[in-house]
Each structure stands twice: as structure tokens, then as C-alpha cells.
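Raw contents of final-v1.tsv, TSV, C-alpha atoms:
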chain	number	residue	atom	x	y	z
R	1	MET	CA	-1.15	43.58	-110.93
R	2	ILE	CA	-1.76	40.04	-109.64
R	3	GLN	CA	-1.87	38.78	-113.20
R	4	ARG	CA	1.39	40.54	-113.97
R	5	ILE	CA	3.14	38.85	-111.05
R	6	ARG	CA	1.65	35.49	-112.00
R	7	LYS	CA	3.02	35.94	-115.51
R	8	GLY	CA	6.35	36.94	-113.97
R	9	VAL	CA	6.51	33.77	-111.88
R	10	ILE	CA	5.91	31.57	-114.95
R	11	HIS	CA	8.54	33.43	-116.99
R	12	ALA	CA	10.97	33.37	-114.09
R	13	PHE	CA	10.53	29.61	-113.78
R	14	TRP	CA	11.46	29.09	-117.43
R	15	MET	CA	14.41	31.46	-117.19
R	16	VAL	CA	15.81	29.57	-114.21
R	17	ALA	CA	15.22	26.26	-115.97
R	18	ALA	CA	17.08	27.55	-119.03
R	19	ALA	CA	19.90	28.79	-116.81
R	20	ALA	CA	20.16	25.35	-115.18
R	21	VAL	CA	20.40	23.59	-118.54
R	22	ILE	CA	22.87	26.08	-120.05
R	23	GLY	CA	24.94	26.26	-116.85
R	24	ALA	CA	25.22	22.48	-116.62
R	25	ALA	CA	26.05	22.13	-120.33
R	26	VAL	CA	28.70	24.87	-120.25
R	27	ASN	CA	30.23	23.40	-117.11
R	28	LEU	CA	30.48	19.94	-118.72
R	29	ALA	CA	31.92	21.41	-121.91
R	30	ARG	CA	34.72	23.27	-120.13
R	31	PRO	CA	38.20	21.96	-120.70
R	32	GLY	CA	38.93	19.60	-117.82
R	33	GLY	CA	35.22	18.98	-117.19
R	34	GLY	CA	34.46	22.11	-115.15
R	35	ILE	CA	33.80	22.00	-111.42
R	36	PRO	CA	32.03	18.97	-109.86
R	37	PHE	CA	28.27	19.45	-109.44
R	38	VAL	CA	28.56	18.53	-105.79
R	39	GLY	CA	31.81	19.81	-104.38
R	40	GLU	CA	33.62	18.80	-101.25
R	41	TRP	CA	33.63	21.88	-99.10
R	42	SER	CA	35.39	21.82	-95.78
R	43	PRO	CA	37.97	24.04	-94.10
R	44	LYS	CA	40.62	21.60	-95.33
R	45	THR	CA	39.74	21.82	-99.02
R	46	VAL	CA	39.30	25.57	-98.76
R	47	THR	CA	42.74	25.87	-97.22
R	48	LYS	CA	44.19	24.11	-100.23
R	49	ILE	CA	42.47	26.55	-102.58
R	50	HIS	CA	43.72	29.56	-100.62
R	51	ALA	CA	47.28	28.36	-100.27
R	52	GLY	CA	47.69	27.04	-103.82
R	53	ASP	CA	51.38	26.45	-104.33
R	54	LEU	CA	52.49	28.46	-101.31
R	55	GLU	CA	54.66	26.90	-98.65
R	56	VAL	CA	52.42	25.76	-95.82
R	57	ILE	CA	53.51	25.13	-92.24
R	58	ASP	CA	51.33	23.22	-89.77
R	59	LEU	CA	50.65	24.13	-86.15
R	60	ASP	CA	53.08	21.65	-84.56
R	61	GLU	CA	55.99	22.65	-86.73
R	62	ALA	CA	55.23	26.34	-86.20
R	63	PHE	CA	55.04	25.83	-82.43
R	64	ARG	CA	58.37	23.99	-82.39
R	65	LEU	CA	60.04	26.88	-84.21
R	66	PHE	CA	58.30	29.28	-81.83
R	67	GLU	CA	59.71	27.47	-78.79
R	68	ASP	CA	63.19	27.52	-80.29
R	69	GLY	CA	62.83	31.24	-80.92
R	70	GLN	CA	63.11	30.62	-84.65
R	71	ALA	CA	59.64	31.78	-85.73
R	72	LEU	CA	58.45	35.30	-86.56
R	73	PHE	CA	54.67	35.47	-86.87
R	74	ILE	CA	52.82	37.90	-89.11
R	75	ASP	CA	49.16	38.51	-88.30
R	76	ALA	CA	47.36	39.35	-91.56
R	77	ARG	CA	44.06	40.36	-89.95
R	78	GLU	CA	42.69	43.87	-89.40
R	79	SER	CA	44.43	45.81	-86.67
R	80	GLY	CA	41.33	45.66	-84.45
R	81	ASP	CA	41.42	41.84	-84.46
R	82	TYR	CA	45.15	41.92	-83.81
R	83	LYS	CA	44.72	44.20	-80.81
R	84	ASN	CA	42.11	41.87	-79.34
R	85	GLY	CA	44.69	39.13	-79.18
R	86	HIS	CA	47.42	37.56	-81.28
R	87	ILE	CA	50.21	34.97	-81.17
R	88	THR	CA	52.91	36.10	-78.76
R	89	GLY	CA	55.42	38.30	-80.56
R	90	ALA	CA	53.47	38.50	-83.82
R	91	VAL	CA	53.59	41.70	-85.88
R	92	ASN	CA	50.45	42.99	-87.55
R	93	ILE	CA	50.48	43.48	-91.33
R	94	PRO	CA	46.91	43.71	-92.63
R	95	VAL	CA	46.62	42.43	-96.19
R	96	ASP	CA	45.98	45.87	-97.70
R	97	LYS	CA	49.01	47.38	-95.95
R	98	ALA	CA	51.67	44.98	-97.28
R	99	GLU	CA	53.25	47.74	-99.35
R	100	GLU	CA	54.13	49.82	-96.26
R	101	HIS	CA	55.88	46.93	-94.54
R	102	LEU	CA	58.20	45.60	-97.23
R	103	GLU	CA	61.33	46.98	-95.54
R	104	GLN	CA	60.26	45.51	-92.23
R	105	ILE	CA	59.75	42.09	-93.85
R	106	ARG	CA	63.15	42.21	-95.52
R	107	ALA	CA	64.73	43.04	-92.16
R	108	MET	CA	62.86	40.16	-90.54
R	109	LEU	CA	64.11	37.77	-93.22
R	110	LYS	CA	67.69	38.84	-92.55
R	111	THR	CA	67.43	37.41	-89.03
R	112	GLY	CA	67.39	33.94	-90.63
R	113	LYS	CA	64.22	33.00	-88.76
R	114	THR	CA	61.12	31.50	-90.37
R	115	LEU	CA	58.41	34.02	-91.26
R	116	ILE	CA	54.90	32.63	-90.79
R	117	ALA	CA	51.75	34.49	-91.86
R	118	TYR	CA	48.36	33.57	-90.39
R	119	CYS	CA	44.74	34.66	-90.36
R	120	TYR	CA	41.70	33.89	-88.22
R	121	ASP	CA	41.01	30.24	-89.07
R	122	MET	CA	41.18	27.75	-91.93
R	123	ASP	CA	38.38	29.47	-93.84
R	124	CYS	CA	40.17	32.80	-93.80
R	125	PRO	CA	42.29	33.58	-96.87
R	126	LEU	CA	44.11	36.68	-95.61
R	127	GLY	CA	47.30	34.91	-94.51
R	128	ALA	CA	47.68	33.28	-97.91
R	129	ASP	CA	46.67	36.52	-99.66
R	130	LEU	CA	49.41	38.39	-97.82
R	131	VAL	CA	52.06	35.82	-98.74
R	132	LYS	CA	50.93	35.97	-102.36
R	133	ASP	CA	51.20	39.75	-102.28
R	134	PHE	CA	54.74	39.51	-100.87
R	135	ARG	CA	55.62	37.12	-103.69
R	136	ARG	CA	54.37	39.55	-106.31
R	137	LYS	CA	56.66	42.15	-104.73
R	138	GLY	CA	59.63	39.84	-104.90
R	139	ILE	CA	59.68	38.51	-101.33
R	140	LYS	CA	59.45	34.74	-101.54
R	141	PRO	CA	60.26	32.79	-98.39
R	142	VAL	CA	57.25	33.53	-96.19
R	143	LYS	CA	55.17	30.55	-95.09
R	144	VAL	CA	51.50	30.40	-94.26
R	145	MET	CA	49.92	28.65	-91.28
R	146	PRO	CA	46.35	27.77	-92.37
R	147	GLU	CA	45.01	26.83	-88.91
R	148	GLY	CA	45.49	30.46	-87.92
R	149	TRP	CA	44.68	32.20	-84.67
R	150	VAL	CA	41.82	29.83	-83.77
R	151	GLY	CA	44.00	26.73	-84.25
R	152	TRP	CA	46.75	28.27	-82.12
R	153	MET	CA	44.29	29.15	-79.32
R	154	ASP	CA	42.66	25.70	-79.42
R	155	ARG	CA	46.03	24.15	-78.63
R	156	GLY	CA	46.48	26.54	-75.73
R	157	TYR	CA	49.69	27.97	-77.18
R	158	PRO	CA	50.93	31.35	-75.87
R	159	TYR	CA	49.21	34.53	-76.96
R	160	GLU	CA	49.13	38.13	-75.87
U	161	MET	CA	-10.37	51.01	-106.69
U	162	ASN	CA	-10.02	53.74	-104.02
U	163	GLU	CA	-8.87	57.31	-104.60
U	164	ASN	CA	-5.26	56.80	-103.54
U	165	GLY	CA	-4.76	53.70	-105.64
U	166	HIS	CA	-6.17	55.51	-108.64
U	167	ALA	CA	-3.85	58.50	-108.13
U	168	LEU	CA	-0.86	56.18	-107.80
U	169	ARG	CA	-1.76	54.45	-111.07
U	170	GLU	CA	-1.97	57.80	-112.81
U	171	LEU	CA	1.41	58.78	-111.42
U	172	VAL	CA	3.05	55.54	-112.60
U	173	ARG	CA	1.65	56.15	-116.09
U	174	THR	CA	3.19	59.61	-116.41
U	175	LYS	CA	5.94	60.01	-118.95
U	176	ALA	CA	8.53	61.00	-116.36
U	177	VAL	CA	8.00	57.87	-114.25
U	178	GLN	CA	7.87	55.60	-117.28
U	179	THR	CA	11.12	57.08	-118.62
U	180	LEU	CA	12.72	56.47	-115.24
U	181	VAL	CA	11.46	52.88	-115.26
U	182	VAL	CA	12.96	52.25	-118.69
U	183	ILE	CA	16.34	53.70	-117.67
U	184	VAL	CA	16.42	51.71	-114.43
U	185	ARG	CA	15.33	48.56	-116.27
U	186	ILE	CA	18.11	48.77	-118.85
U	187	ALA	CA	20.76	49.75	-116.30
U	188	LEU	CA	19.82	46.91	-113.94
U	189	GLY	CA	19.75	44.46	-116.83
U	190	ALA	CA	23.19	45.53	-118.03
U	191	MET	CA	24.57	45.28	-114.50
U	192	PHE	CA	23.26	41.75	-113.97
U	193	PHE	CA	24.41	40.67	-117.40
U	194	TYR	CA	27.92	41.92	-116.65
U	195	ALA	CA	27.97	40.46	-113.13
U	196	GLY	CA	26.94	37.07	-114.49
U	197	ILE	CA	29.60	37.05	-117.21
U	198	THR	CA	32.43	37.80	-114.75
U	199	LYS	CA	31.33	34.82	-112.65
U	200	ILE	CA	31.00	32.46	-115.61
U	201	ALA	CA	34.59	33.30	-116.48
U	202	GLU	CA	35.81	31.95	-113.14
U	203	PRO	CA	33.58	29.15	-111.76
U	204	ALA	CA	35.96	27.79	-109.12
U	205	GLY	CA	36.58	31.25	-107.69
U	206	PHE	CA	32.87	32.00	-107.57
U	207	ALA	CA	32.14	28.66	-105.86
U	208	LEU	CA	34.66	29.64	-103.18
U	209	ALA	CA	32.95	33.02	-102.76
U	210	VAL	CA	29.59	31.23	-102.33
U	211	TYR	CA	31.09	28.82	-99.79
U	212	ASN	CA	32.62	31.70	-97.84
U	213	TYR	CA	29.22	33.23	-97.19
U	214	HIS	CA	28.53	30.18	-94.99
U	215	ILE	CA	24.83	30.25	-95.75
U	216	LEU	CA	24.28	27.36	-98.17
U	217	PRO	CA	24.87	23.74	-97.14
U	218	ALA	CA	28.10	22.44	-98.71
U	219	PRO	CA	26.45	20.13	-101.31
U	220	LEU	CA	24.56	23.09	-102.82
U	221	VAL	CA	27.56	25.39	-103.21
U	222	ASN	CA	28.78	24.17	-106.60
U	223	VAL	CA	25.32	23.81	-108.15
U	224	THR	CA	24.63	27.40	-107.16
U	225	ALA	CA	27.95	28.53	-108.61
U	226	ILE	CA	27.15	26.75	-111.88
U	227	ILE	CA	23.57	27.99	-112.31
U	228	LEU	CA	23.33	31.39	-110.60
U	229	PRO	CA	25.60	33.28	-113.05
U	230	TRP	CA	23.42	32.11	-115.95
U	231	VAL	CA	20.26	33.16	-114.15
U	232	GLU	CA	21.84	36.61	-113.84
U	233	VAL	CA	22.86	36.68	-117.49
U	234	ILE	CA	19.45	35.56	-118.79
U	235	ALA	CA	17.43	37.82	-116.48
U	236	GLY	CA	19.81	40.70	-117.23
U	237	ALA	CA	19.50	40.19	-120.98
U	238	CYS	CA	15.69	40.05	-120.76
U	239	LEU	CA	15.57	43.31	-118.81
U	240	MET	CA	17.95	45.03	-121.19
U	241	LEU	CA	16.08	43.94	-124.30
U	242	GLY	CA	12.62	44.24	-122.79
U	243	LEU	CA	11.53	40.63	-123.18
U	244	TRP	CA	9.59	38.85	-120.44
U	245	ILE	CA	10.08	41.92	-118.27
U	246	PRO	CA	7.93	40.76	-115.32
U	247	GLY	CA	9.93	37.52	-115.14
U	248	GLY	CA	13.30	39.25	-115.37
U	249	ALA	CA	12.28	41.90	-112.85
U	250	LEU	CA	10.95	39.24	-110.46
U	251	ILE	CA	14.23	37.29	-110.60
U	252	VAL	CA	16.41	40.38	-110.26
U	253	SER	CA	14.46	41.80	-107.34
U	254	GLY	CA	14.33	38.38	-105.67
U	255	LEU	CA	18.08	37.88	-106.08
U	256	LEU	CA	18.88	41.38	-104.86
U	257	ILE	CA	16.80	40.85	-101.73
U	258	VAL	CA	18.56	37.52	-101.07
U	259	PHE	CA	21.98	39.12	-101.69
U	260	THR	CA	21.15	41.99	-99.35
U	261	LEU	CA	20.10	39.59	-96.59
U	262	ALA	CA	23.21	37.41	-97.09
U	263	LEU	CA	25.46	40.48	-96.95
U	264	GLY	CA	23.73	41.87	-93.89
U	265	PHE	CA	23.88	38.52	-92.12
U	266	ASN	CA	27.63	38.20	-92.67
U	267	LEU	CA	28.38	41.82	-91.84
U	268	ALA	CA	26.44	41.39	-88.62
U	269	ARG	CA	28.43	38.34	-87.60
U	270	GLY	CA	31.62	40.14	-88.59
U	271	LEU	CA	32.80	37.78	-91.30
U	272	ASP	CA	35.60	39.28	-93.37
U	273	ILE	CA	34.83	37.81	-96.78
U	274	ALA	CA	34.95	38.77	-100.42
U	275	CYS	CA	31.74	40.16	-101.87
U	276	GLY	CA	31.79	37.94	-104.97
U	277	CYS	CA	29.47	40.47	-106.56
U	278	PHE	CA	31.29	41.53	-109.72
U	279	SER	CA	34.38	39.41	-109.50
U	280	SER	CA	35.24	35.96	-108.25
U	281	SER	CA	38.60	36.93	-106.83
U	282	PRO	CA	38.79	36.44	-103.07
U	283	ALA	CA	41.32	39.27	-102.78
U	284	ALA	CA	39.11	41.91	-104.37
U	285	GLU	CA	36.22	43.85	-102.83
U	286	LYS	CA	35.72	42.80	-99.24
U	287	ILE	CA	32.17	43.28	-98.01
U	288	THR	CA	31.39	46.55	-96.22
U	289	TRP	CA	28.27	48.34	-95.00
U	290	TRP	CA	28.33	50.39	-98.20
U	291	TYR	CA	27.51	47.21	-100.13
U	292	LEU	CA	24.46	46.75	-97.94
U	293	VAL	CA	23.25	50.27	-98.78
U	294	ARG	CA	23.98	49.68	-102.47
U	295	ASP	CA	22.09	46.38	-102.57
U	296	SER	CA	19.13	47.86	-100.69
U	297	LEU	CA	18.86	50.71	-103.21
U	298	LEU	CA	19.17	48.27	-106.10
U	299	SER	CA	16.43	46.08	-104.58
U	300	ILE	CA	14.11	49.08	-104.45
U	301	SER	CA	14.82	50.00	-108.07
U	302	ALA	CA	14.22	46.40	-109.15
U	303	LEU	CA	10.84	46.44	-107.40
U	304	LEU	CA	10.08	49.71	-109.20
U	305	VAL	CA	10.63	47.92	-112.52
U	306	LEU	CA	8.63	44.88	-111.41
U	307	LEU	CA	5.62	46.95	-110.37
U	308	GLY	CA	5.88	50.01	-112.59
U	309	ASP	CA	7.00	48.77	-115.99
U	310	GLN	CA	4.46	49.11	-118.79
U	311	GLY	CA	6.56	47.75	-121.59
U	312	ARG	CA	7.75	51.08	-122.98
U	313	PHE	CA	10.79	50.90	-125.25
U	314	SER	CA	10.90	47.11	-125.15
U	315	LEU	CA	11.46	44.39	-127.70
U	316	GLY	CA	8.47	42.50	-126.31
U	317	ASN	CA	6.09	45.36	-127.11
U	318	TYR	CA	7.65	45.87	-130.51
U	319	LEU	CA	7.08	42.22	-131.42
U	320	VAL	CA	3.44	42.37	-130.29
U	321	PHE	CA	3.00	45.55	-132.32
U	322	ARG	CA	4.51	43.93	-135.45
U	323	ARG	CA	2.31	40.87	-135.09
U	324	LYS	CA	-0.79	43.08	-134.85
U	325	GLU	CA	0.25	45.07	-137.91
U	326	LYS	CA	0.75	41.90	-139.91
U	327	SER	CA	-2.59	40.41	-138.99
U	328	GLU	CA	-4.28	43.69	-139.94
U	329	GLU	CA	-2.59	43.64	-143.36
U	330	GLU	CA	-3.84	40.16	-144.09
Entire entry expressed as C-alpha cells:
Amino acid sequence: MIQRIRKGVIHAFWMVAAAAVIGAAVNLARPGGGIPFVGEWSPKTVTKIHAGDLEVIDLDEAFRLFEDGQALFIDARESGDYKNGHITGAVNIPVDKAEEHLEQIRAMLKTGKTLIAYCYDMDCPLGADLVKDFRRKGIKPVKVMPEGWVGWMDRGYPYE
Amino acid sequence: MNENGHALRELVRTKAVQTLVVIVRIALGAMFFYAGITKIAEPAGFALAVYNYHILPAPLVNVTAIILPWVEVIAGACLMLGLWIPGGALIVSGLLIVFTLALGFNLARGLDIACGCFSSSPAAEKITWWYLVRDSLLSISALLVLLGDQGRFSLGNYLVFRRKEKSEEE
């Protein structure tokens, strides 16, 4: 038994070594050079990945619209998180329930106000996911606020 | 060797247990092979999934995303074919235990993230407690292969057998 595990460790070492060589080679050979071996990972870069080509709105701009009564917030988190606290006046549309709320979104758009989806914080993709889902269903002009609930709270902006 | 250990050895050698080990070995191998391929297809997405677990330090995220899928593919292929079975089984059980811990850790702190298990898409398969049960069961079956495999129905054994035959002919 001990010998078997010892043999396993040696084999495993070579398999991992082979994987490292092949992985690195394949990554270099990819069109565009693959991903960098050491990536820059921070909430900011992650936000960019999540949002892609979506229209992003920052906290200050969102707050200004909020004060003017021109912002309608959409909380993309689970309903439990929403119930624990959300931006004042926000409606809750969890990402997997987008389908059921399409009419509501269309009605909200008709008010002429700016629709802003958000999630927990910059690492959380749900706000962007929701906006992407709306897009696939033909609803385009919804913005995403990457700083999310945590960013809003940190500024001491109104919540309920 | 005490009585119990002896009885356990006999049990592991029975045809029923060995058949089970072979089936589990091939199924686990195929699963890892498939899981690795889906990640190789989408390296940036998988790197994001790794980052989202918030376990590895940032500089190690991309290296992991580049190498880990190939470890899965190679270990999976070895288990499927029956080559270097102890090595493949050791890697697969080790990975499954790490995955289970990472899942459990993030479920416990309530992080709502993508599993990144069979797909790199952040929208698909959010982690749930069911994944924890699944990974625990898979870990146990991988350990069964690691400890119980005797090389039945494997390419490795076939090659050894052929080599023996040849040397006897000569």
C-alpha cells in the first residue's frame, strides 16, 4: 500500500509537470497570446470583465440622478439579500427571474427615467448578468452600477 | 497483518468490488477529462471563476487557470485508459478534496459565485449545497480507486502482459 502511494506520488509529479509544460505552450500558442501568466486581479479589472460593453454608471452619477428623482434602481441579488436592505426605492429582480419581469421593465423604461441594475459589490457579476439577459430579450437601455450595494452604503447614501 | 486487515484485502479482491473499481475509475476519468476540456476552451472565463473563489492570491490565479485544466485532462485520460492509475487517482482524489473544501468555504461565507466546475461561464451553475454533497461523494469514489484498484481492465496491465509474453517467446 505504501509503495503504491509512493509510486502514485512520483507519477502524479510527472503528470503535473507535463500539464504545466503543455498548458504554458498552448497558452502561448493561442491567437492573441493567451492570458498573461500573472494577471492583474482586482475588483476594478473584474468589473471590466463583467460589464464588457455594457453601459456603466458610477456611484456619483447614479446618486445625482437619484436625488433628481430620475433613477430607478434594480437590485439583481437574491430576494433574501434584497429584504435585508437595498437602495431606497429599488425593485428586486433576481437574475434568474428576469423573464417574469419584462413587462415591468418596459413600463419602467416608459417613465423616461434611467434604469440602473446593481449587485452586492464590484466582484459580483449579477447586475451585469441581468442587464445582459435583458439585452438578449430585446431590452437595451439598462445601465449597470458596478460599485453595487456596498459602494452605495459606504457613501452613506439612502437605503431602506 | 491482523484479521480485519486480511478480511478487508480479501473483500477488495473480490470480483464485484474490482468491477466497481473499474467502472468508477473510467467514469471519474471521463468526467475529469471532459471538465478539463471545457475549461481549456475558455481560459479567461475560467481564470475569472478561479479569482471569484477568493482563495488563491491574485498572482497565482492565471497560472492555476492555465495549468489546472491540463492536470485534469491528463489525470482523467490516465484513469480512463488505465495508465499510471495510482498517480491519476492520487491527483483526482487530491483535487476533489481541495474542490470540496473550496466550495464548502465559500458556501459557508455565503459567496454567490459560479461553480466553474464544468463550464467557465459565470452565469451558469451557481454553487449550492448539492455541489458539496456531489464533490464529497466523488472524493470518496476517487479514494476507492486510489486504494482499491488492482489494474484490472487497464492499458498499463495489458502492456506489462505483452512485454512478458514477448520476453518468453525470445
Exercise for review: Point out the residue among R:Arg77, R:Ile49, R:Val16, R:Ile139 with the least atom-to-atom distance to Lys110 of chain R, counting all atoms listed in the file.
Suggested key: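 Among the listed residues, the smallest separation from Lys110 of chain R belongs to R:Ile139.
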Review point. Could you name the residues that touch Leu256 of chain U at 9 Å or less, counting only C-alpha atoms, but leaving out those on the same chain fewer than 2 positions away, as a PyMOL selection string?
Key: chain U and resi 251-254+258-261+295-296+298-299+302
Check your understanding: Hey, what's within 12 Å of segment 178-184 of chain U if we count all atoms listed in the file and toss same-chain stuff fewer than 5 positions away? As a ChimeraX atom specification, please?
Key -> /U:169-173,189-191,236,239-242,245,249,297-314
Residues near Ala117 of chain R, cut-off 6 Å, all atoms listed in the file, skip fewer than 4 positions along chain, as a PDB file with C-alpha atoms, keeping the file's coordinate frame:
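This went into selection_4.pdb:
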ATOM      1  CA  PHE R  73      54.670  35.470 -86.870  1.00  0.00           C
ATOM      2  CA  ILE R  74      52.820  37.900 -89.110  1.00  0.00           C
ATOM      3  CA  ASP R  75      49.160  38.510 -88.300  1.00  0.00           C
ATOM      4  CA  GLY R 127      47.300  34.910 -94.510  1.00  0.00           C
ATOM      5  CA  VAL R 144      51.500  30.400 -94.260  1.00  0.00           C
TER       6      VAL R 144
END
Check your understanding: Which is closest to chain R among U:Val231, U:Ala187, U:Val177, U:Ala237, if we use only C-alpha atoms?
Key -> U:Val231
Exercise for review: Figure out the distance between atom CA of Tyr120 of chain R and atom CA of Tyr291 of chain U, please, to one decimal in Å.
Suggested key: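 One can read the atom CA of Tyr291 of chain U to atom CA of Tyr120 of chain R distance as 22.8 Å.
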Exercise for review: Determine the nearest neighbour of chain U from the options R:Ala76, R:Ala20, R:Ala29, R:Met108, counting all atoms listed in the file.
Suggested key: R:Ala20
Practice item. Using all atoms listed in the file, pick whichever of R:Phe134, R:Trp14, R:Tyr82, R:Trp149 has the shortest atom-to-atom distance to chain U. Key: R:Trp14
Could you list, with a cut-off of 10 Å and counting only C-alpha atoms, the residues of chain U near chain R, each shown with its nearest atom pair and the distance in Å rounded to one decimal, rows sorted by chain and ascending number, as JSON lines?
{"residue": "U:Ile200", "atom": "CA", "partner": "R:Gly23", "partner_atom": "CA", "distance": 8.8}
{"residue": "U:Pro203", "atom": "CA", "partner": "R:Ile35", "partner_atom": "CA", "distance": 7.2}
{"residue": "U:Ala204", "atom": "CA", "partner": "R:Ile35", "partner_atom": "CA", "distance": 6.6}
{"residue": "U:Gly205", "atom": "CA", "partner": "R:Ile49", "partner_atom": "CA", "distance": 9.1}
{"residue": "U:Ala207", "atom": "CA", "partner": "R:Ile35", "partner_atom": "CA", "distance": 8.8}
{"residue": "U:Leu208", "atom": "CA", "partner": "R:Val46", "partner_atom": "CA", "distance": 7.6}
{"residue": "U:Tyr211", "atom": "CA", "partner": "R:Trp41", "partner_atom": "CA", "distance": 7.4}
{"residue": "U:Asn212", "atom": "CA", "partner": "R:Asp123", "partner_atom": "CA", "distance": 7.4}
{"residue": "U:His214", "atom": "CA", "partner": "R:Asp123", "partner_atom": "CA", "distance": 9.9}
{"residue": "U:Pro217", "atom": "CA", "partner": "R:Trp41", "partner_atom": "CA", "distance": 9.2}
{"residue": "U:Ala218", "atom": "CA", "partner": "R:Trp41", "partner_atom": "CA", "distance": 5.6}
{"residue": "U:Pro219", "atom": "CA", "partner": "R:Val38", "partner_atom": "CA", "distance": 5.2}
{"residue": "U:Leu220", "atom": "CA", "partner": "R:Val38", "partner_atom": "CA", "distance": 6.8}
{"residue": "U:Val221", "atom": "CA", "partner": "R:Gly39", "partner_atom": "CA", "distance": 7.1}
{"residue": "U:Asn222", "atom": "CA", "partner": "R:Phe37", "partner_atom": "CA", "distance": 5.5}
{"residue": "U:Val223", "atom": "CA", "partner": "R:Phe37", "partner_atom": "CA", "distance": 5.4}
{"residue": "U:Thr224", "atom": "CA", "partner": "R:Phe37", "partner_atom": "CA", "distance": 9.0}
{"residue": "U:Ala225", "atom": "CA", "partner": "R:Gly23", "partner_atom": "CA", "distance": 9.1}
{"residue": "U:Ile226", "atom": "CA", "partner": "R:Gly23", "partner_atom": "CA", "distance": 5.5}
{"residue": "U:Ile227", "atom": "CA", "partner": "R:Gly23", "partner_atom": "CA", "distance": 5.0}
{"residue": "U:Leu228", "atom": "CA", "partner": "R:Ala19", "partner_atom": "CA", "distance": 7.6}
{"residue": "U:Pro229", "atom": "CA", "partner": "R:Gly23", "partner_atom": "CA", "distance": 8.0}
{"residue": "U:Trp230", "atom": "CA", "partner": "R:Ala19", "partner_atom": "CA", "distance": 4.9}
{"residue": "U:Val231", "atom": "CA", "partner": "R:Ala19", "partner_atom": "CA", "distance": 5.1}
{"residue": "U:Glu232", "atom": "CA", "partner": "R:Ala19", "partner_atom": "CA", "distance": 8.6}
{"residue": "U:Val233", "atom": "CA", "partner": "R:Ala19", "partner_atom": "CA", "distance": 8.5}
{"residue": "U:Ile234", "atom": "CA", "partner": "R:Met15", "partner_atom": "CA", "distance": 6.7}
{"residue": "U:Ala235", "atom": "CA", "partner": "R:Met15", "partner_atom": "CA", "distance": 7.1}
{"residue": "U:Cys238", "atom": "CA", "partner": "R:Met15", "partner_atom": "CA", "distance": 9.4}
{"residue": "U:Leu243", "atom": "CA", "partner": "R:His11", "partner_atom": "CA", "distance": 10.0}
{"residue": "U:Trp244", "atom": "CA", "partner": "R:His11", "partner_atom": "CA", "distance": 6.5}
{"residue": "U:Ile245", "atom": "CA", "partner": "R:Gly8", "partner_atom": "CA", "distance": 7.6}
{"residue": "U:Pro246", "atom": "CA", "partner": "R:Gly8", "partner_atom": "CA", "distance": 4.3}
{"residue": "U:Gly247", "atom": "CA", "partner": "R:Gly8", "partner_atom": "CA", "distance": 3.8}
{"residue": "U:Gly248", "atom": "CA", "partner": "R:Ala12", "partner_atom": "CA", "distance": 6.5}
{"residue": "U:Ala249", "atom": "CA", "partner": "R:Gly8", "partner_atom": "CA", "distance": 7.8}
{"residue": "U:Leu250", "atom": "CA", "partner": "R:Gly8", "partner_atom": "CA", "distance": 6.2}
{"residue": "U:Ile251", "atom": "CA", "partner": "R:Ala12", "partner_atom": "CA", "distance": 6.2}
{"residue": "U:Val252", "atom": "CA", "partner": "R:Ala12", "partner_atom": "CA", "distance": 9.7}
{"residue": "U:Leu271", "atom": "CA", "partner": "R:Cys124", "partner_atom": "CA", "distance": 9.2}
{"residue": "U:Asp272", "atom": "CA", "partner": "R:Cys124", "partner_atom": "CA", "distance": 7.9}
{"residue": "U:Ile273", "atom": "CA", "partner": "R:Cys124", "partner_atom": "CA", "distance": 7.9}
{"residue": "U:Ala274", "atom": "CA", "partner": "R:Pro125", "partner_atom": "CA", "distance": 9.7}
{"residue": "U:Pro282", "atom": "CA", "partner": "R:Pro125", "partner_atom": "CA", "distance": 7.7}
{"residue": "U:Ala283", "atom": "CA", "partner": "R:Asp129", "partner_atom": "CA", "distance": 6.8}
{"residue": "U:Leu306", "atom": "CA", "partner": "R:Ile5", "partner_atom": "CA", "distance": 8.2}
{"residue": "U:Leu307", "atom": "CA", "partner": "R:Met1", "partner_atom": "CA", "distance": 7.6}
{"residue": "U:Gly308", "atom": "CA", "partner": "R:Met1", "partner_atom": "CA", "distance": 9.7}
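You will find atom CA of Ala107 of chain R at 14.6 Å from atom CA of Gln70 of chain R.
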Just want the 9 Å neighbourhood of Ile57 of chain R, counted on all atoms listed in the file, with same-chain residues fewer than 3 positions away dropped. Output as a PDB file with C-alpha atoms, keeping the file's coordinate frame.
ATOM      1  CA  ASP R  60      53.080  21.650 -84.560  1.00  0.00           C
ATOM      2  CA  GLU R  61      55.990  22.650 -86.730  1.00  0.00           C
ATOM      3  CA  ALA R  62      55.230  26.340 -86.200  1.00  0.00           C
ATOM      4  CA  ILE R 116      54.900  32.630 -90.790  1.00  0.00           C
ATOM      5  CA  LYS R 143      55.170  30.550 -95.090  1.00  0.00           C
ATOM      6  CA  VAL R 144      51.500  30.400 -94.260  1.00  0.00           C
ATOM      7  CA  MET R 145      49.920  28.650 -91.280  1.00  0.00           C
ATOM      8  CA  PRO R 146      46.350  27.770 -92.370  1.00  0.00           C
TER       9      PRO R 146
END
Study note, to complete from the structure: A straight line from atom CA of Gly270 of chain U to atom CA of Ala209 of chain U spans 15.9 Å
Review point. Hey, which of R:Leu28, R:Ile2, R:Ala71, R:Leu54 ends up closest to Ala128 of chain R? Count all atoms listed in the file.
Key: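 Comparing R:Leu28, R:Ile2, R:Ala71, R:Leu54 against Ala128 of chain R, the winner is R:Leu54.
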Review point. Out of R:Val131, R:Val150, R:Leu72, R:Leu115, which residue has the shortest atom-to-atom distance to Ala98 of chain R when counting all atoms listed in the file?
Key: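 So, comparing all the options, the nearest one is R:Val131.
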**Study point:** Expected residue set, 10 Å radius at (35.1, 36.9, -113.7), all atoms listed in the file, as a ChimeraX atom specification
**Key:** /U:194-203,205-206,276-281
